[in-house]
$ cat model-v3.cif   # mmCIF, C-alpha atoms
data_structure
loop_
_atom_site.group_PDB
_atom_site.id
_atom_site.type_symbol
_atom_site.label_atom_id
_atom_site.label_comp_id
_atom_site.auth_asym_id
_atom_site.auth_seq_id
_atom_site.Cartn_x
_atom_site.Cartn_y
_atom_site.Cartn_z
ATOM 1 C CA MET P 271 27.452 130.111 1.810
ATOM 2 C CA ILE P 272 26.857 133.702 0.666
ATOM 3 C CA ILE P 273 24.700 134.422 3.718
ATOM 4 C CA ARG P 274 27.257 132.822 6.015
ATOM 5 C CA SER P 275 30.089 134.916 4.558
ATOM 6 C CA HIS P 276 28.223 138.167 5.264
ATOM 7 C CA ALA P 277 26.292 137.336 8.429
ATOM 8 C CA SER P 278 27.538 137.738 11.969
ATOM 9 C CA GLU P 279 28.114 134.669 14.094
ATOM 10 C CA THR P 280 25.041 133.855 16.172
ATOM 11 C CA VAL P 281 24.865 135.361 19.638
ATOM 12 C CA ARG P 282 24.588 131.928 21.228
ATOM 13 C CA MET P 283 27.714 130.636 19.508
ATOM 14 C CA LEU P 284 29.674 133.755 20.429
ATOM 15 C CA ALA P 285 28.602 133.361 24.048
ATOM 16 C CA LEU P 286 29.523 129.681 24.080
ATOM 17 C CA LYS P 287 32.954 130.581 22.716
ATOM 18 C CA GLY P 288 33.394 133.177 25.455
ATOM 19 C CA LYS P 289 33.214 136.136 23.059
ATOM 20 C CA LEU P 290 30.779 138.024 25.260
ATOM 21 C CA ASP P 291 31.760 141.515 24.088
ATOM 22 C CA GLU P 292 31.007 140.603 20.466
ATOM 23 C CA ALA P 293 27.714 139.011 21.497
ATOM 24 C CA GLU P 294 26.699 142.099 23.489
ATOM 25 C CA LYS P 295 27.544 144.326 20.528
ATOM 26 C CA ILE P 296 25.317 142.332 18.172
ATOM 27 C CA VAL P 297 22.442 142.320 20.673
ATOM 28 C CA ALA P 298 22.782 146.095 21.158
ATOM 29 C CA GLU P 299 22.623 146.640 17.375
ATOM 30 C CA MET P 300 19.541 144.420 17.122
ATOM 31 C CA GLU P 301 17.833 146.294 19.943
ATOM 32 C CA GLU P 302 18.623 149.665 18.394
ATOM 33 C CA LYS P 303 17.204 148.627 15.018
ATOM 34 C CA ALA P 304 14.086 147.202 16.686
ATOM 35 C CA ILE P 305 13.502 150.471 18.548
ATOM 36 C CA GLN P 306 13.935 152.494 15.341
ATOM 37 C CA LYS P 307 11.533 150.299 13.401
ATOM 38 C CA THR P 308 8.785 149.844 15.998
ATOM 39 C CA GLY P 309 9.099 152.974 18.113
ATOM 40 C CA MET P 310 8.811 150.794 21.201
ATOM 41 C CA GLN P 311 11.114 150.941 24.200
ATOM 42 C CA LEU P 312 13.026 148.000 25.584
ATOM 43 C CA PRO P 313 11.363 146.122 28.455
ATOM 44 C CA PRO P 314 13.000 146.196 31.890
ATOM 45 C CA TYR P 315 16.132 144.097 32.154
ATOM 46 C CA ASN P 316 15.128 140.692 33.509
ATOM 47 C CA PRO P 317 18.018 138.204 33.479
ATOM 48 C CA LEU P 318 17.242 134.484 33.510
ATOM 49 C CA ASN P 319 19.174 132.206 35.799
ATOM 50 C CA TYR P 320 19.932 128.757 34.439
ATOM 51 C CA LYS P 321 23.001 126.710 33.633
ATOM 52 C CA VAL P 322 23.579 125.157 30.227
ATOM 53 C CA GLU P 323 25.711 122.034 30.161
ATOM 54 C CA GLU P 324 26.992 120.128 27.156
ATOM 55 C CA LYS P 325 24.558 117.246 26.863
ATOM 56 C CA ASN P 326 23.701 114.357 24.625
ATOM 57 C CA PRO P 327 20.617 115.630 22.765
ATOM 58 C CA PHE P 328 18.737 112.435 23.617
ATOM 59 C CA THR P 329 18.895 113.255 27.333
ATOM 60 C CA VAL P 330 16.010 115.651 26.683
ATOM 61 C CA PHE P 331 13.710 112.622 26.970
ATOM 62 C CA LYS P 332 14.712 112.207 30.624
ATOM 63 C CA ASN P 333 12.777 115.377 31.383
ATOM 64 C CA LYS P 334 9.120 114.332 31.577
ATOM 65 C CA LYS P 335 7.808 117.700 30.386
ATOM 66 C CA TYR P 336 9.962 117.683 27.258
ATOM 67 C CA ALA P 337 9.288 114.015 26.542
ATOM 68 C CA ILE P 338 5.527 114.640 26.596
ATOM 69 C CA ARG P 339 5.901 117.713 24.380
ATOM 70 C CA ILE P 340 8.094 115.957 21.802
ATOM 71 C CA ILE P 341 5.951 112.822 21.632
ATOM 72 C CA SER P 342 2.775 114.907 21.293
ATOM 73 C CA VAL P 343 4.271 116.977 18.477
ATOM 74 C CA MET P 344 5.594 113.819 16.783
ATOM 75 C CA LEU P 345 2.121 112.280 16.817
ATOM 76 C CA SER P 346 0.462 115.464 15.583
ATOM 77 C CA ILE P 347 2.859 115.727 12.636
ATOM 78 C CA PHE P 348 2.610 111.977 11.993
ATOM 79 C CA PHE P 349 -1.152 112.249 11.608
ATOM 80 C CA PHE P 350 -0.912 115.523 9.676
ATOM 81 C CA TYR P 351 1.262 113.889 7.034
ATOM 82 C CA PHE P 352 -0.971 110.812 7.280
ATOM 83 C CA GLY P 353 -3.845 112.946 5.997
ATOM 84 C CA GLU P 354 -1.977 115.483 3.880
ATOM 85 C CA TYR P 355 0.244 113.268 1.734
ATOM 86 C CA PRO P 356 -2.504 111.140 0.178
ATOM 87 C CA TYR P 357 -4.283 114.358 -0.786
ATOM 88 C CA LEU P 358 -1.106 115.769 -2.341
ATOM 89 C CA THR P 359 -0.109 112.579 -4.168
ATOM 90 C CA GLU P 360 -3.191 110.433 -4.791
ATOM 91 C CA PHE P 361 -6.216 112.717 -4.920
ATOM 92 C CA LEU P 362 -6.002 113.067 -8.702
ATOM 93 C CA LEU P 363 -5.209 109.364 -9.085
ATOM 94 C CA TRP P 364 -8.441 108.613 -7.250
ATOM 95 C CA ALA P 365 -10.396 111.266 -9.191
ATOM 96 C CA GLY P 366 -9.137 109.831 -12.474
ATOM 97 C CA GLY P 367 -10.859 106.559 -11.636
ATOM 98 C CA LEU P 368 -14.311 108.084 -11.131
ATOM 99 C CA SER P 369 -16.580 106.510 -13.741
ATOM 100 C CA ASN P 370 -18.941 109.493 -13.896
ATOM 101 C CA LEU P 371 -16.223 111.898 -15.096
ATOM 102 C CA THR P 372 -15.067 112.298 -18.682
ATOM 103 C CA LYS P 373 -11.429 112.740 -19.637
ATOM 104 C CA ALA P 374 -12.041 116.439 -20.325
ATOM 105 C CA GLN P 375 -13.573 116.900 -16.886
ATOM 106 C CA ILE P 376 -10.652 115.134 -15.217
ATOM 107 C CA ASN P 377 -8.242 117.358 -17.142
ATOM 108 C CA GLU P 378 -10.093 120.441 -15.896
ATOM 109 C CA LEU P 379 -9.949 119.214 -12.292
ATOM 110 C CA THR P 380 -6.244 118.473 -12.710
ATOM 111 C CA PHE P 381 -5.584 122.017 -13.911
ATOM 112 C CA LEU P 382 -7.553 123.532 -11.026
ATOM 113 C CA TYR P 383 -5.816 121.238 -8.534
ATOM 114 C CA GLY P 384 -2.449 122.492 -9.752
ATOM 115 C CA LEU P 385 -3.624 126.102 -9.791
ATOM 116 C CA ALA P 386 -4.824 125.768 -6.203
ATOM 117 C CA GLY P 387 -1.277 124.849 -5.236
ATOM 118 C CA VAL P 388 -0.359 128.538 -5.516
ATOM 119 C CA ALA P 389 -2.530 129.076 -2.439
ATOM 120 C CA THR P 390 0.067 127.226 -0.348
ATOM 121 C CA PHE P 391 2.567 129.996 -1.054
ATOM 122 C CA LEU P 392 -0.021 132.693 -0.376
ATOM 123 C CA GLY P 393 -1.177 130.983 2.805
ATOM 124 C CA ALA P 394 2.359 130.833 4.151
ATOM 125 C CA ILE P 395 2.679 134.595 3.632
ATOM 126 C CA ALA P 396 -0.728 135.297 5.186
ATOM 127 C CA LEU P 397 0.197 133.295 8.274
ATOM 128 C CA ARG P 398 2.944 135.798 8.985
ATOM 129 C CA PHE P 399 0.369 138.424 9.980
ATOM 130 C CA ILE P 400 -1.134 136.345 12.797
ATOM 131 C CA VAL P 401 1.523 133.810 13.769
ATOM 132 C CA GLU P 402 2.864 136.012 16.580
ATOM 133 C CA LYS P 403 -0.600 136.943 17.859
ATOM 134 C CA VAL P 404 -2.307 133.593 18.432
ATOM 135 C CA ARG P 405 -1.019 130.582 20.350
ATOM 136 C CA ARG P 406 0.754 128.119 18.063
ATOM 137 C CA ALA P 407 -1.278 125.127 19.269
ATOM 138 C CA ILE P 408 -4.588 126.917 18.638
ATOM 139 C CA LEU P 409 -3.497 127.969 15.146
ATOM 140 C CA THR P 410 -2.304 124.427 14.459
ATOM 141 C CA THR P 411 -5.655 122.937 15.457
ATOM 142 C CA LEU P 412 -7.492 125.545 13.371
ATOM 143 C CA ALA P 413 -5.311 124.748 10.344
ATOM 144 C CA TYR P 414 -5.899 121.020 10.776
ATOM 145 C CA PHE P 415 -9.678 121.372 11.151
ATOM 146 C CA VAL P 416 -10.513 124.176 8.716
ATOM 147 C CA GLY P 417 -7.735 123.603 6.204
ATOM 148 C CA MET P 418 -7.368 119.855 6.032
ATOM 149 C CA LEU P 419 -10.588 118.290 7.327
ATOM 150 C CA LEU P 420 -13.092 120.798 5.921
ATOM 151 C CA GLY P 421 -10.968 121.608 2.871
ATOM 152 C CA VAL P 422 -10.558 117.976 1.816
ATOM 153 C CA LEU P 423 -14.231 117.280 2.611
ATOM 154 C CA VAL P 424 -15.405 120.103 0.342
ATOM 155 C CA ALA P 425 -12.903 119.227 -2.409
ATOM 156 C CA THR P 426 -13.997 115.584 -2.366
ATOM 157 C CA ILE P 427 -17.725 116.374 -2.505
ATOM 158 C CA GLY P 428 -17.121 118.857 -5.325
ATOM 159 C CA THR P 429 -15.041 116.352 -7.278
ATOM 160 C CA ILE P 430 -17.509 113.478 -6.902
ATOM 161 C CA ASN P 431 -20.381 115.671 -8.106
ATOM 162 C CA TYR P 432 -18.269 117.574 -10.634
ATOM 163 C CA ASN P 433 -19.154 120.856 -8.989
ATOM 164 C CA ILE P 434 -16.222 122.983 -10.119
ATOM 165 C CA PRO P 435 -16.714 125.967 -7.760
ATOM 166 C CA LEU P 436 -17.082 123.612 -4.795
ATOM 167 C CA ALA P 437 -14.125 121.419 -5.766
ATOM 168 C CA PHE P 438 -11.841 124.370 -6.470
ATOM 169 C CA GLY P 439 -12.940 126.116 -3.276
ATOM 170 C CA GLY P 440 -12.059 123.032 -1.255
ATOM 171 C CA MET P 441 -8.699 122.751 -2.980
ATOM 172 C CA LEU P 442 -7.932 126.407 -2.264
ATOM 173 C CA LEU P 443 -8.912 126.016 1.388
ATOM 174 C CA THR P 444 -6.799 122.895 1.773
ATOM 175 C CA ASN P 445 -3.721 124.501 0.258
ATOM 176 C CA PHE P 446 -4.072 127.987 1.745
ATOM 177 C CA ILE P 447 -4.681 126.954 5.364
ATOM 178 C CA GLY P 448 -4.233 123.190 5.527
ATOM 179 C CA VAL P 449 -0.844 123.026 3.827
ATOM 180 C CA GLY P 450 0.301 126.654 3.874
ATOM 181 C CA TRP P 451 -0.185 127.078 7.617
ATOM 182 C CA SER P 452 0.201 123.601 9.064
ATOM 183 C CA ASN P 453 3.691 122.808 7.810
ATOM 184 C CA GLN P 454 5.188 125.960 9.301
ATOM 185 C CA LEU P 455 3.323 125.578 12.583
ATOM 186 C CA ASN P 456 4.305 121.924 12.885
ATOM 187 C CA TYR P 457 8.002 122.669 12.835
ATOM 188 C CA LEU P 458 7.647 125.688 15.098
ATOM 189 C CA ASN P 459 5.968 123.358 17.579
ATOM 190 C CA GLY P 460 8.772 120.869 17.173
ATOM 191 C CA THR P 461 11.588 123.324 17.854
ATOM 192 C CA GLU P 462 10.234 125.971 20.224
ATOM 193 C CA ASN P 463 9.252 123.727 23.110
ATOM 194 C CA VAL P 464 12.574 122.105 24.013
ATOM 195 C CA PRO P 465 15.959 123.398 25.228
ATOM 196 C CA THR P 466 18.342 124.851 22.672
ATOM 197 C CA TYR P 467 20.617 121.796 22.694
ATOM 198 C CA ALA P 468 17.729 119.485 21.724
ATOM 199 C CA ARG P 469 15.980 121.489 19.004
ATOM 200 C CA ALA P 470 17.648 119.630 16.133
ATOM 201 C CA THR P 471 16.818 116.325 17.841
ATOM 202 C CA SER P 472 13.171 117.297 18.249
ATOM 203 C CA PHE P 473 13.001 118.419 14.618
ATOM 204 C CA ALA P 474 14.569 115.157 13.424
ATOM 205 C CA PHE P 475 12.139 112.988 15.390
ATOM 206 C CA SER P 476 9.164 115.064 14.240
ATOM 207 C CA ASP P 477 10.197 115.020 10.591
ATOM 208 C CA GLY P 478 10.930 111.296 10.696
ATOM 209 C CA ALA P 479 7.548 110.551 12.246
ATOM 210 C CA ALA P 480 5.895 112.787 9.651
ATOM 211 C CA HIS P 481 7.251 110.899 6.679
ATOM 212 C CA LEU P 482 6.494 107.560 8.298
ATOM 213 C CA GLY P 483 2.871 108.668 8.486
ATOM 214 C CA ALA P 484 3.012 109.709 4.840
ATOM 215 C CA ALA P 485 4.443 106.357 3.754
ATOM 216 C CA ILE P 486 1.777 104.379 5.594
ATOM 217 C CA SER P 487 -1.207 106.417 4.441
ATOM 218 C CA THR P 488 -0.255 106.593 0.773
ATOM 219 C CA ALA P 489 0.128 102.809 0.761
ATOM 220 C CA ILE P 490 -3.292 102.048 2.217
ATOM 221 C CA ILE P 491 -5.710 104.811 1.201
ATOM 222 C CA LEU P 492 -6.777 103.551 -2.233
ATOM 223 C CA PRO P 493 -7.678 100.035 -1.012
ATOM 224 C CA ILE P 494 -9.633 101.593 1.869
ATOM 225 C CA ILE P 495 -11.487 103.857 -0.581
ATOM 226 C CA SER P 496 -12.467 100.745 -2.542
ATOM 227 C CA SER P 497 -13.689 99.155 0.676
ATOM 228 C CA ILE P 498 -15.688 101.875 2.480
ATOM 229 C CA GLY P 499 -16.054 104.632 -0.113
ATOM 230 C CA ALA P 500 -14.235 107.829 -1.054
ATOM 231 C CA LEU P 501 -15.877 110.458 1.138
ATOM 232 C CA PRO P 502 -15.646 108.530 4.445
ATOM 233 C CA THR P 503 -12.023 107.614 3.718
ATOM 234 C CA TRP P 504 -10.802 111.092 2.804
ATOM 235 C CA VAL P 505 -12.501 112.571 5.875
ATOM 236 C CA LEU P 506 -11.401 109.763 8.203
ATOM 237 C CA PHE P 507 -7.753 110.287 7.274
ATOM 238 C CA GLN P 508 -7.962 113.922 8.443
ATOM 239 C CA VAL P 509 -9.655 113.333 11.820
ATOM 240 C CA PRO P 510 -6.655 112.065 13.878
ATOM 241 C CA MET P 511 -4.638 115.232 13.243
ATOM 242 C CA VAL P 512 -7.491 117.386 14.573
ATOM 243 C CA ILE P 513 -7.616 115.290 17.743
ATOM 244 C CA MET P 514 -3.856 115.681 18.199
ATOM 245 C CA GLY P 515 -4.157 119.425 17.597
ATOM 246 C CA ILE P 516 -6.544 119.636 20.542
ATOM 247 C CA VAL P 517 -4.071 117.629 22.634
ATOM 248 C CA LEU P 518 -1.335 120.158 21.784
ATOM 249 C CA ILE P 519 -3.434 122.978 23.241
ATOM 250 C CA PHE P 520 -3.195 121.289 26.637
ATOM 251 C CA VAL P 521 0.418 120.090 26.324
ATOM 252 C CA LEU P 522 2.419 122.930 24.764
ATOM 253 C CA PRO P 523 3.186 126.215 26.538
ATOM 254 C CA ASN P 524 2.267 129.569 25.037
ATOM 255 C CA THR P 525 5.389 130.947 23.332
ATOM 256 C CA ILE P 526 3.835 134.178 22.040
ATOM 257 C CA GLY P 527 5.826 137.152 23.284
ATOM 258 C CA GLN P 528 7.957 134.869 25.442
ATOM 259 C CA SER P 529 11.640 134.090 25.546
ATOM 260 C CA LEU P 530 12.155 130.452 24.574
ATOM 261 C CA GLU P 531 14.912 130.150 27.170
ATOM 262 C CA LYS P 532 12.472 131.368 29.825
ATOM 263 C CA ILE P 533 9.791 128.851 28.853
ATOM 264 C CA ASN P 534 12.197 125.955 28.465
ATOM 265 C CA GLU P 535 15.558 126.119 30.258
ATOM 266 C CA ALA P 536 14.540 128.522 33.039
ATOM 267 C CA GLU P 537 11.083 127.089 33.816
ATOM 268 C CA ALA P 538 10.989 123.481 32.601
ATOM 269 C CA GLY P 539 14.655 122.697 33.238
ATOM 270 C CA VAL P 540 17.380 121.257 31.039
#
$ encode --input "model-v3.cif" --output "structure tokens"
Amino acid sequence: MIIRSHASETVRMLALKGKLDEAEKIVAEMEEKAIQKTGMQLPPYNPLNYKVEEKNPFTVFKNKKYAIRIISVMLSIFFFYFGEYPYLTEFLLWAGGLSNLTKAQINELTFLYGLAGVATFLGAIALRFIVEKVRRAILTTLAYFVGMLLGVLVATIGTINYNIPLAFGGMLLTNFIGVGWSNQLNYLNGTENVPTYARATSFAFSDGAAHLGAAISTAIILPIISSIGALPTWVLFQVPMVIMGIVLIFVLPNTIGQSLEKINEAEAGV
């Protein structure tokens, strides 16, 4: 509420309300501040020609390109949460049942697991330095593979063998890249690749699919561990997200340095 009371109305809303002069004024101020801060000059004026109509957000699925993008992102986030949530909620529950660990050792692992959680915050900040330089889909796949698959693999091996440096290193890697990067990239993927009118719809579908994946995996992982073993299970739960990350590379457009309206409304349609 405080931000809303001091912030200007968004340019899009001003334009939709017909307040074009106010919208132009805000854009001019933004451009001036950007020039002062970066020292760069504005690119040549290149207007985009497209017509925005008031639509039911669900009509976005009638456009084949958007439908493929949304479904691909939904599946990638579904499988990300499928692998991430058991690690965040049941890793210590599983570790506590290891017969080769004493209570003191489990307590030490619990402390380190919590301490490693700080890396999520640090990872989110670190992502800021590269997020506008590398394609979202490539970064997403990297975060899935290095952060979640390798991170959980290393953390699991370290925990089973009570190798503290290895276990803590895996936990740090999982939180710093796997959790700290992936969550932000997931929702960027879910909102940047559809028209403006459907961004909330895309986010809602993606978030709903994500938590469905979390609910399923947390319900089944411990029985599967009892059946096929801990290491294969923890690794297996991370593999589908990596596969979907690779799919995103081929499905999603490159949004780096691009206008979202150009990529979506102007090129892919409404």
$ resolve_selection --input "model-v3.cif" --expression "the PyMOL selection byres ((chain P and resi 366) around 12)" --output "list in words"
Glu360, Phe361, Leu362, Leu363, Trp364, Ala365, Gly367, Leu368, Ser369, Asn370, Leu371, Thr372, Lys373, Ala374, Gln375, Ile376, Asn377, Glu378, Leu379, Thr380, Thr429 and Ile430 of chain P
$ atom_distance --input "model-v3.cif" --atom1 "atom CA of P:Ala479" --atom2 "atom CA of P:Met344"
5.9 Å
$ residues_around --input "model-v3.cif" --residues "stretch 462-468 of chain P" --least-positions-apart "2" --cutoff "8 Å" --atoms "all atoms listed in the file" --output "PDB file with C-alpha atoms, in the coordinates of the input"
ATOM      1  CA  GLU P 324      26.992 120.128  27.156  1.00  0.00           C
ATOM      2  CA  LYS P 325      24.558 117.246  26.863  1.00  0.00           C
ATOM      3  CA  PRO P 327      20.617 115.630  22.765  1.00  0.00           C
ATOM      4  CA  PHE P 328      18.737 112.435  23.617  1.00  0.00           C
ATOM      5  CA  VAL P 330      16.010 115.651  26.683  1.00  0.00           C
ATOM      6  CA  TYR P 336       9.962 117.683  27.258  1.00  0.00           C
ATOM      7  CA  ARG P 339       5.901 117.713  24.380  1.00  0.00           C
ATOM      8  CA  ILE P 340       8.094 115.957  21.802  1.00  0.00           C
ATOM      9  CA  LEU P 458       7.647 125.688  15.098  1.00  0.00           C
ATOM     10  CA  ASN P 459       5.968 123.358  17.579  1.00  0.00           C
ATOM     11  CA  GLY P 460       8.772 120.869  17.173  1.00  0.00           C
ATOM     12  CA  ALA P 470      17.648 119.630  16.133  1.00  0.00           C
ATOM     13  CA  THR P 471      16.818 116.325  17.841  1.00  0.00           C
ATOM     14  CA  SER P 472      13.171 117.297  18.249  1.00  0.00           C
ATOM     15  CA  LEU P 522       2.419 122.930  24.764  1.00  0.00           C
ATOM     16  CA  PRO P 523       3.186 126.215  26.538  1.00  0.00           C
ATOM     17  CA  THR P 525       5.389 130.947  23.332  1.00  0.00           C
ATOM     18  CA  LEU P 530      12.155 130.452  24.574  1.00  0.00           C
ATOM     19  CA  GLU P 531      14.912 130.150  27.170  1.00  0.00           C
ATOM     20  CA  ILE P 533       9.791 128.851  28.853  1.00  0.00           C
ATOM     21  CA  ASN P 534      12.197 125.955  28.465  1.00  0.00           C
ATOM     22  CA  GLU P 535      15.558 126.119  30.258  1.00  0.00           C
ATOM     23  CA  VAL P 540      17.380 121.257  31.039  1.00  0.00           C
TER      24      VAL P 540
END
$ atom_distance --input "model-v3.cif" --atom1 "atom CA of P:Lys307" --atom2 "atom CA of P:Glu292"
22.9 Å
$ resolve_selection --input "model-v3.cif" --expression "the PyMOL selection byres ((chain P and resi 492) around 10)" --output "PDB file with C-alpha atoms, in the frame of the given file"
ATOM      1  CA  PRO P 356      -2.504 111.140   0.178  1.00  0.00           C
ATOM      2  CA  GLU P 360      -3.191 110.433  -4.791  1.00  0.00           C
ATOM      3  CA  PHE P 361      -6.216 112.717  -4.920  1.00  0.00           C
ATOM      4  CA  LEU P 363      -5.209 109.364  -9.085  1.00  0.00           C
ATOM      5  CA  TRP P 364      -8.441 108.613  -7.250  1.00  0.00           C
ATOM      6  CA  SER P 487      -1.207 106.417   4.441  1.00  0.00           C
ATOM      7  CA  THR P 488      -0.255 106.593   0.773  1.00  0.00           C
ATOM      8  CA  ALA P 489       0.128 102.809   0.761  1.00  0.00           C
ATOM      9  CA  ILE P 490      -3.292 102.048   2.217  1.00  0.00           C
ATOM     10  CA  ILE P 491      -5.710 104.811   1.201  1.00  0.00           C
ATOM     11  CA  PRO P 493      -7.678 100.035  -1.012  1.00  0.00           C
ATOM     12  CA  ILE P 494      -9.633 101.593   1.869  1.00  0.00           C
ATOM     13  CA  ILE P 495     -11.487 103.857  -0.581  1.00  0.00           C
ATOM     14  CA  SER P 496     -12.467 100.745  -2.542  1.00  0.00           C
ATOM     15  CA  SER P 497     -13.689  99.155   0.676  1.00  0.00           C
ATOM     16  CA  GLY P 499     -16.054 104.632  -0.113  1.00  0.00           C
ATOM     17  CA  ALA P 500     -14.235 107.829  -1.054  1.00  0.00           C
ATOM     18  CA  THR P 503     -12.023 107.614   3.718  1.00  0.00           C
ATOM     19  CA  TRP P 504     -10.802 111.092   2.804  1.00  0.00           C
TER      20      TRP P 504
END
$ closest_residue --input "model-v3.cif" --among "P:Val343, P:Pro502, P:Phe520, P:Gly384" --to "P:Thr359" --atoms "only C-alpha atoms"
P:Gly384
$ closest_residue --input "model-v3.cif" --among "P:Ala285, P:Leu455, P:Ala536, P:Leu312" --to "P:Ala298" --atoms "all atoms listed in the file"
P:Leu312
$ atom_distance --input "model-v3.cif" --atom1 "atom CA of P:Thr329" --atom2 "atom CA of P:Ala474"
14.7 Å
$ closest_residue --input "model-v3.cif" --among "P:Val505, P:Ser529, P:Asn316, P:Val521" --to "P:Ile338" --atoms "only C-alpha atoms"
P:Val521
$ resolve_selection --input "model-v3.cif" --expression "the PyMOL selection byres ((chain P and resi 446) around 12)" --output "PyMOL selection string"
chain P and resi 385-397+413-414+416-418+421-422+438-445+447-453
$ residues_around --input "model-v3.cif" --residues "P:Ile513" --least-positions-apart "2" --cutoff "10 Å" --atoms "all atoms listed in the file" --output "PyMOL selection string"
chain P and resi 346+349+411+414-415+508-511+515-518
$ residues_around --input "model-v3.cif" --residues "P:Phe348" --least-positions-apart "6" --cutoff "8 Å" --atoms "all atoms listed in the file" --output "ChimeraX atom specification"
/P:476,479-484
$ closest_residue --input "model-v3.cif" --among "P:Pro435, P:Asn333, P:Phe399, P:Arg406" --to "P:Tyr383" --atoms "all atoms listed in the file"
P:Pro435
$ residues_around --input "model-v3.cif" --residues "P:Gly527" --least-positions-apart "3" --cutoff "9 Å" --atoms "all atoms listed in the file" --output "MDAnalysis selection string"
chainID P and resid 402:403 524
$ write_last_selection --input "model-v3.cif" --atoms "C-alpha atoms" --output "short mmCIF file (atom, residue, chain, number, x, y, z; two decimals), in the frame of the given file"
data_model
loop_
_atom_site.label_atom_id
_atom_site.label_comp_id
_atom_site.auth_asym_id
_atom_site.auth_seq_id
_atom_site.Cartn_x
_atom_site.Cartn_y
_atom_site.Cartn_z
CA GLU P 402 2.86 136.01 16.58
CA LYS P 403 -0.60 136.94 17.86
CA ASN P 524 2.27 129.57 25.04
#
$ closest_residue --input "model-v3.cif" --among "P:Leu501, P:Tyr357, P:Val281, P:Ala304" --to "P:Asn431" --atoms "all atoms listed in the file"
P:Leu501
$ axis_aligned_box --input "model-v3.cif" --around "stretch 302-311 of chain P" --padding-each-side "4 Å" --output "JSON"
{"center_x": 13.7, "center_y": 150.1, "center_z": 18.8, "size_x": 17.8, "size_y": 13.8, "size_z": 18.8}
$ closest_residue --input "model-v3.cif" --among "P:Thr410, P:Leu286, P:Ile272, P:Gly428" --to "P:Ile347" --atoms "only C-alpha atoms"
P:Thr410
$ build_atoms --input "model-v3.cif" --residues "stretch 389-404 of chain P" --atoms "N, CA and C atoms" --output "PDB file, keeping the file's coordinate frame"
ATOM      1  N   ALA P 389      -1.984 128.613  -3.719  1.00  0.00           N
ATOM      2  CA  ALA P 389      -2.530 129.076  -2.439  1.00  0.00           C
ATOM      3  C   ALA P 389      -1.645 128.676  -1.264  1.00  0.00           C
ATOM      4  N   THR P 390      -0.856 127.618  -1.419  1.00  0.00           N
ATOM      5  CA  THR P 390       0.067 127.226  -0.348  1.00  0.00           C
ATOM      6  C   THR P 390       1.072 128.336  -0.087  1.00  0.00           C
ATOM      7  N   PHE P 391       1.615 128.882  -1.156  1.00  0.00           N
ATOM      8  CA  PHE P 391       2.567 129.996  -1.054  1.00  0.00           C
ATOM      9  C   PHE P 391       1.902 131.219  -0.428  1.00  0.00           C
ATOM     10  N   LEU P 392       0.699 131.527  -0.897  1.00  0.00           N
ATOM     11  CA  LEU P 392      -0.021 132.693  -0.376  1.00  0.00           C
ATOM     12  C   LEU P 392      -0.419 132.493   1.089  1.00  0.00           C
ATOM     13  N   GLY P 393      -0.803 131.272   1.426  1.00  0.00           N
ATOM     14  CA  GLY P 393      -1.177 130.983   2.805  1.00  0.00           C
ATOM     15  C   GLY P 393      -0.010 131.130   3.760  1.00  0.00           C
ATOM     16  N   ALA P 394       1.165 130.699   3.313  1.00  0.00           N
ATOM     17  CA  ALA P 394       2.359 130.833   4.151  1.00  0.00           C
ATOM     18  C   ALA P 394       2.662 132.298   4.441  1.00  0.00           C
ATOM     19  N   ILE P 395       2.458 133.155   3.439  1.00  0.00           N
ATOM     20  CA  ILE P 395       2.679 134.595   3.632  1.00  0.00           C
ATOM     21  C   ILE P 395       1.614 135.174   4.563  1.00  0.00           C
ATOM     22  N   ALA P 396       0.367 134.776   4.359  1.00  0.00           N
ATOM     23  CA  ALA P 396      -0.728 135.297   5.186  1.00  0.00           C
ATOM     24  C   ALA P 396      -0.553 134.920   6.653  1.00  0.00           C
ATOM     25  N   LEU P 397      -0.006 133.740   6.891  1.00  0.00           N
ATOM     26  CA  LEU P 397       0.197 133.295   8.274  1.00  0.00           C
ATOM     27  C   LEU P 397       1.088 134.251   9.043  1.00  0.00           C
ATOM     28  N   ARG P 398       1.987 134.890   8.338  1.00  0.00           N
ATOM     29  CA  ARG P 398       2.944 135.798   8.985  1.00  0.00           C
ATOM     30  C   ARG P 398       2.249 136.905   9.772  1.00  0.00           C
ATOM     31  N   PHE P 399       1.057 137.307   9.342  1.00  0.00           N
ATOM     32  CA  PHE P 399       0.369 138.424   9.980  1.00  0.00           C
ATOM     33  C   PHE P 399      -0.307 138.044  11.301  1.00  0.00           C
ATOM     34  N   ILE P 400      -0.464 136.754  11.552  1.00  0.00           N
ATOM     35  CA  ILE P 400      -1.134 136.345  12.797  1.00  0.00           C
ATOM     36  C   ILE P 400      -0.313 135.374  13.632  1.00  0.00           C
ATOM     37  N   VAL P 401       0.791 134.884  13.090  1.00  0.00           N
ATOM     38  CA  VAL P 401       1.523 133.810  13.769  1.00  0.00           C
ATOM     39  C   VAL P 401       2.087 134.234  15.115  1.00  0.00           C
ATOM     40  N   GLU P 402       2.343 135.538  15.295  1.00  0.00           N
ATOM     41  CA  GLU P 402       2.864 136.012  16.580  1.00  0.00           C
ATOM     42  C   GLU P 402       1.773 136.621  17.460  1.00  0.00           C
ATOM     43  N   LYS P 403       0.516 136.383  17.088  1.00  0.00           N
ATOM     44  CA  LYS P 403      -0.600 136.943  17.859  1.00  0.00           C
ATOM     45  C   LYS P 403      -1.483 135.870  18.493  1.00  0.00           C
ATOM     46  N   VAL P 404      -1.448 134.677  17.948  1.00  0.00           N
ATOM     47  CA  VAL P 404      -2.307 133.593  18.432  1.00  0.00           C
ATOM     48  C   VAL P 404      -1.440 132.401  18.815  1.00  0.00           C
TER      49      VAL P 404
END
